[in-house]
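A short worksheet on the structure shown next.
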Amino acid sequence: MRILSINLFSIAGAGICCAILVKTFLSFSGKDRHFWLLLLLGTVCFIIAQSIWLYYQMRYNRAAPYPSWADFFWLLQYGLFLVALIYKRTANREKPGIHSFFNIIIFMAIATTFSLQFLLNPILKSGNNSVLALITTIAYPTFDLGFLFATVSLYYKSHYNEHKRVIFLILTGFVIQIVADSLHIYYLMIGTYEQASYIDPLWIVPLLLIGIAGNRAQHYSAQTCTKPEVISTEDKELDLLPYIGVVVLLFVMLFVRDESVNALKIGLFVVTLLIIMRQVFIIVANRNLLRELKTKNEELGKSEERYRQVVEISPNAISVEVNGEIVYLNKAGFEMLGATSLGEIIGKSVLEIVPQEYYATMKSRHKQVSTEKKAAKPFVFPILRLDGKTIYVESSLTEIHYNGELAFLLVAQDITQRKKIEERIKYLAYYDELTGLPNRAKFHEQLIKQIKLAERKNNLLAVLFLDLDRFKLINDTMGHGFGDLFLKKVAERLAGNLALKGMVYRLGGDEFCLIITQTSPEKVSTLAQLIIDELSVPFIIKKGEYFTSPSIGISLYPTDGCQPDELIRLADIAMYKSKKHGGNTYQYYSSLLDGENYNKLKLDKELRKAIENHEFVIYYQPKVNLTTGKIIGWEALLRWLHPERGLVPPLEFIPIAEETGLIIPIGHWVLQEACQQMKKWQEAGMSELSIAVNISPRQFRDKNLIQNVSEILRETGLAAQYLEIEVTETVMQNIQETSMLLQELKMLGVQISIDDFGTGYSSLSYLKYLPIDYLKIDKSFVNDITTCSKDEAIVQTIVDMGHHMKINVVAEGIENEQQLHSLVKLKCNVGQGYFFSKPLPANQAEQLSNQVYIKST
């Protein structure tokens, strides 16, 4: 039973080792897996040999004959293991140092000595075995010596910790196997070996250790993509092993009384000779190393001295920072910071000499250099001198070793003067040196930008060209110096007016230009008259009064032109028209001398005919609930289908209608038509929808507005709650009058909406006094909501404010799905724009009434 248990235990242990080695073999790729395949095949041979041995025990109740097929497979196992080790040693191209080489040779000499003395010599002298048995017996210790040499060599050749641990496990296993083999052979020779003795379990231990090594190697394989852990040069690599072997050899010789020259004496001689050679080599190598080290130190000292001299005479500031503190600063750095001694700087943090707003940037640069292990790109930032002055430096940052510690090396160059020159050049490129106003280049650049913006937002833009009347007389009479001073005073007065702030540019001489954006003809005229009034006040220069007046020409985008140069040219033409009229006035551009009045009369006549001939039509654009995706109402938008010109843009005829007063009958017609159409839709089943109608500023100020709205609601039969009156922010100029009119409209039961909120005259303080139901966010904020964080913040603020004040918020100009998602995320109530539908005639709009634009999730 003991024999059976030991054999089954050995087979089971070998089977576990096989399973682990199969998994290890599959986890490797390339040549590495061949090593584990050979170990796997050797383990399989062990199982076959052990099974044959067990067969003889169970079948014949005796041990297998010696040698037998079991010995064949055991020796085949040994051969495969040895081939695996040799293959692994060959595949590992790393070469051990001469120190390790001597350790291996000494160790193998000792092992060979013991093998010859106690195993091979007795086997050869016994003469009791057959030739086959003798060869078989000699093969075991011979293979054992091969195992020992290969594994020890592999161990010394391994430079990585994980690899070394795997080889050490295999080495330990083979040492145990050698012990087991040696004891087995020894007991066989003296005739005391018994089956199932304590030696038998020792043979399974090497296989189990190989299995453990395979399991560990799987983790090593999984980590090959990362940087391996290199063994420190200070690690001891079994250096005591040769000396321990010599001590053991001497100790054994004390008990061997053979006076002849035996293997032990020869081995001791060889080992002693090798140790002497090893020590001689170490002494020579150490001397060479000391000599080389001395040379390197001398070179390093010279190099450090040269480097220090270069650093000290460098015109750039050079500092070293360790753990956030400055530990070194050269002479240029002292001068740059205004320091007089090391104590004023050493120990300070870099953050103490830069403004607080640069703290995050400096920390980020340090982190980048530490992570990427390369110098950061040059960076410009201000530093604070000890005397309180601020200078600008351009610096580079890199990581170095300083006194054995990781440190940051900062090289900085004072560029304060260069930066001032750059800023001066930049200033002169875009600003007039005499007056400080933006110059012609800045004007052209800004005009191009504003034209593109006006085109995208469908806004009106005006260019005002201003020339001073009688300036040539002042310049010729008082001199150019006085003329320059006079121009400075004019520029100060224009730029100092809050209504004109940011609009004024000097083109040269006595010519100035203004760009007015998101405007209307009324606003342009108001500003032009403001300039005339502002410059009519006399100028006090050198205790004298001097007078001037402006001639102003005005061109409009897109009415007059669409190109920057064209608008400037047309405004210049209009300015000369002003001068022909005596100056001190403004003129809009016209293609004919009296073209402006002619065009107004013509357009006035055509507008009146348009009402009579029913040329006006109303298009309807849906307003969508952004929560349900359903249409909750419509906005009525006026269109003019001219019989000759086709569809006339509203921006072309609405300002004229506003100026001539025709907007009042046109607006009355729009309101009546929209209410009548909404009533028809309600009778057709669209009962919950409302209609929004725009009321122009001129129409809003009409004294009959309240009466007209009331009569239209009564005539059309539309309930007041389904009518929404939209007014623009321009009506907020007179808040008292506006509040009173809106309160009267609210008393009728209609809903009130503020259109284009955020672009006009409204103030947050006004909202609490007005009976408002809807705030309409201007499309200028919606356009860039997905790309501009400021626009998103503005929309979020308006939405939050509306919610807190219980006012519904409508977003205009939604053109894509990304804008829609952003507005839904911001919890905006209602949306409107081309994403849902462009404005449509009534018959087409009616077909959209049941459309759902947003799918609920």
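Going through the structure tokens in order, the chains are called A, B, and so on, while each chain numbers its residues from 1 and the ligands are numbered from 1 in the order shown.
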Exercise for the section: Enumerate the residues of range 322-528 of chain A with a DSSP assignment of helix (DSSP H, G or I), computed from the backbone, and present them as a PyMOL selection string. Expected result: chain A and resi 331-337+342-344+350-353+356-372+416-430+440-457+471-478+480-496+498-500+521-528
Practice task
Skip range 535-540 of chain A itself and residues of its chain fewer than 5 positions away, then list as a PyMOL selection string all residues within 12 Å of it, counting only C-alpha atoms.
Solution key: chain A and resi 466-469+485-495+497+528-530+545-552+583-585
Export of the given selection (C-alpha atoms) as a JSON list (two decimals), in the first residue's frame:
[["chain", "number", "residue", "atom", "x", "y", "z"],
["A", 466, "LEU", "CA", -16.82, 111.65, -40.86],
["A", 467, "ASP", "CA", -14.79, 114.60, -42.10],
["A", 468, "LEU", "CA", -14.18, 117.82, -40.11],
["A", 469, "ASP", "CA", -15.42, 121.01, -41.72],
["A", 485, "LEU", "CA", -3.48, 118.84, -30.90],
["A", 486, "PHE", "CA", -6.89, 119.79, -32.27],
["A", 487, "LEU", "CA", -7.36, 116.31, -33.76],
["A", 488, "LYS", "CA", -6.47, 114.75, -30.38],
["A", 489, "LYS", "CA", -9.17, 116.80, -28.70],
["A", 490, "VAL", "CA", -11.73, 115.76, -31.34],
["A", 491, "ALA", "CA", -10.76, 112.09, -30.89],
["A", 492, "GLU", "CA", -11.01, 112.36, -27.09],
["A", 493, "ARG", "CA", -14.47, 113.85, -27.32],
["A", 494, "LEU", "CA", -15.72, 111.21, -29.76],
["A", 495, "ALA", "CA", -14.17, 108.25, -27.94],
["A", 497, "ASN", "CA", -18.92, 109.56, -25.42],
["A", 528, "ALA", "CA", -25.10, 110.77, -36.41],
["A", 529, "GLN", "CA", -26.98, 113.69, -34.84],
["A", 530, "LEU", "CA", -25.27, 112.94, -31.51],
["A", 545, "GLU", "CA", -12.02, 128.76, -28.49],
["A", 546, "TYR", "CA", -12.07, 126.92, -31.77],
["A", 547, "PHE", "CA", -15.05, 125.58, -33.69],
["A", 548, "THR", "CA", -15.59, 122.77, -36.12],
["A", 549, "SER", "CA", -18.46, 120.69, -37.40],
["A", 550, "PRO", "CA", -18.65, 117.29, -39.05],
["A", 551, "SER", "CA", -19.88, 116.22, -42.45],
["A", 552, "ILE", "CA", -21.10, 112.65, -42.13],
["A", 583, "GLY", "CA", -21.64, 120.52, -43.74],
["A", 584, "ASN", "CA", -22.71, 120.03, -40.12],
["A", 585, "THR", "CA", -25.17, 117.39, -41.30]]
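When CA of Gln847 in chain A is paired with CA of Ser690 in chain A, their separation reads 16.1 Å.
With only C-alpha atoms as the atoms that count, the minimum distance from Thr660 in chain A to the choices A:Leu603, A:Ala429, A:Ile421, A:Ile691 is reached by A:Leu603.
Reported to one decimal place, the separation of CA of Arg639 in chain A from CA of Leu840 in chain A is 10.6 Å.
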